[in-house]
Amino acid sequence: MADRKYKKTDNYKALASEDPVSGSVFLDQVLERFDIDLKNPVTQIIVRWKDFAGSAIAEHSVCEKYSDGVLYIICDHPSRTSYIRMNSSEIIKKIKGVYPEVDLKKIVTRTRTRRTT
């Protein structure tokens, strides 16, 4: 088998930016690009989902979206989906207690299991 010679390159120079951007500036740029306002109460509900659902449930669920008074949640197991459905009125009360300006009427859940291949 022939010996392969690899050209040694300095990839760091290729990746180095002449104007480094701080983490907060970069985050602000990403939020602006995707039109995400962290002061928006609906965004805060999604960010603070753990506070409303509890850490045990929040680890296995994620807020997908909010539309027309409905908060859509995806869970990774049917038991978590059932738990949120059974406790949705309590979760809504917690959310409305913190963000009364949000007209949250119901929570819709669905299960999306993770594939293991």
# chains A, B, ... in the order shown; residues from 1 in each chain; ligands from 1
$ residues_around --residues "region 105-115 of chain A" --least-positions-apart "5" --cutoff "10 Å" --atoms "only C-alpha atoms" --output "NGL selection string"
:A and (61-64 or 66 or 68-85 or 87-89 or 91-92 or 96)
$ residues_around --residues "region 35-50 of chain A" --least-positions-apart "6" --cutoff "7 Å" --atoms "only C-alpha atoms" --output "number ranges by chain"
A: 58, 63, 99, 102
$ select_by_dssp --residues "region 4-108 of chain A" --states "strand (DSSP E or B)" --output "ChimeraX atom specification"
/A:61-67,70-75,106-108
$ atom_distance --atom1 "CA of Gly54 (chain A)" --atom2 "CA of Glu101 (chain A)"
22.0 Å
$ atom_distance --atom1 "CA of Ser55 (chain A)" --atom2 "CA of Asp28 (chain A)"
27.0 Å
$ closest_residue --among "A:Gly23, A:Ser67, A:Glu90, A:Arg33" --to "Leu104 (chain A)" --atoms "only C-alpha atoms"
A:Ser67
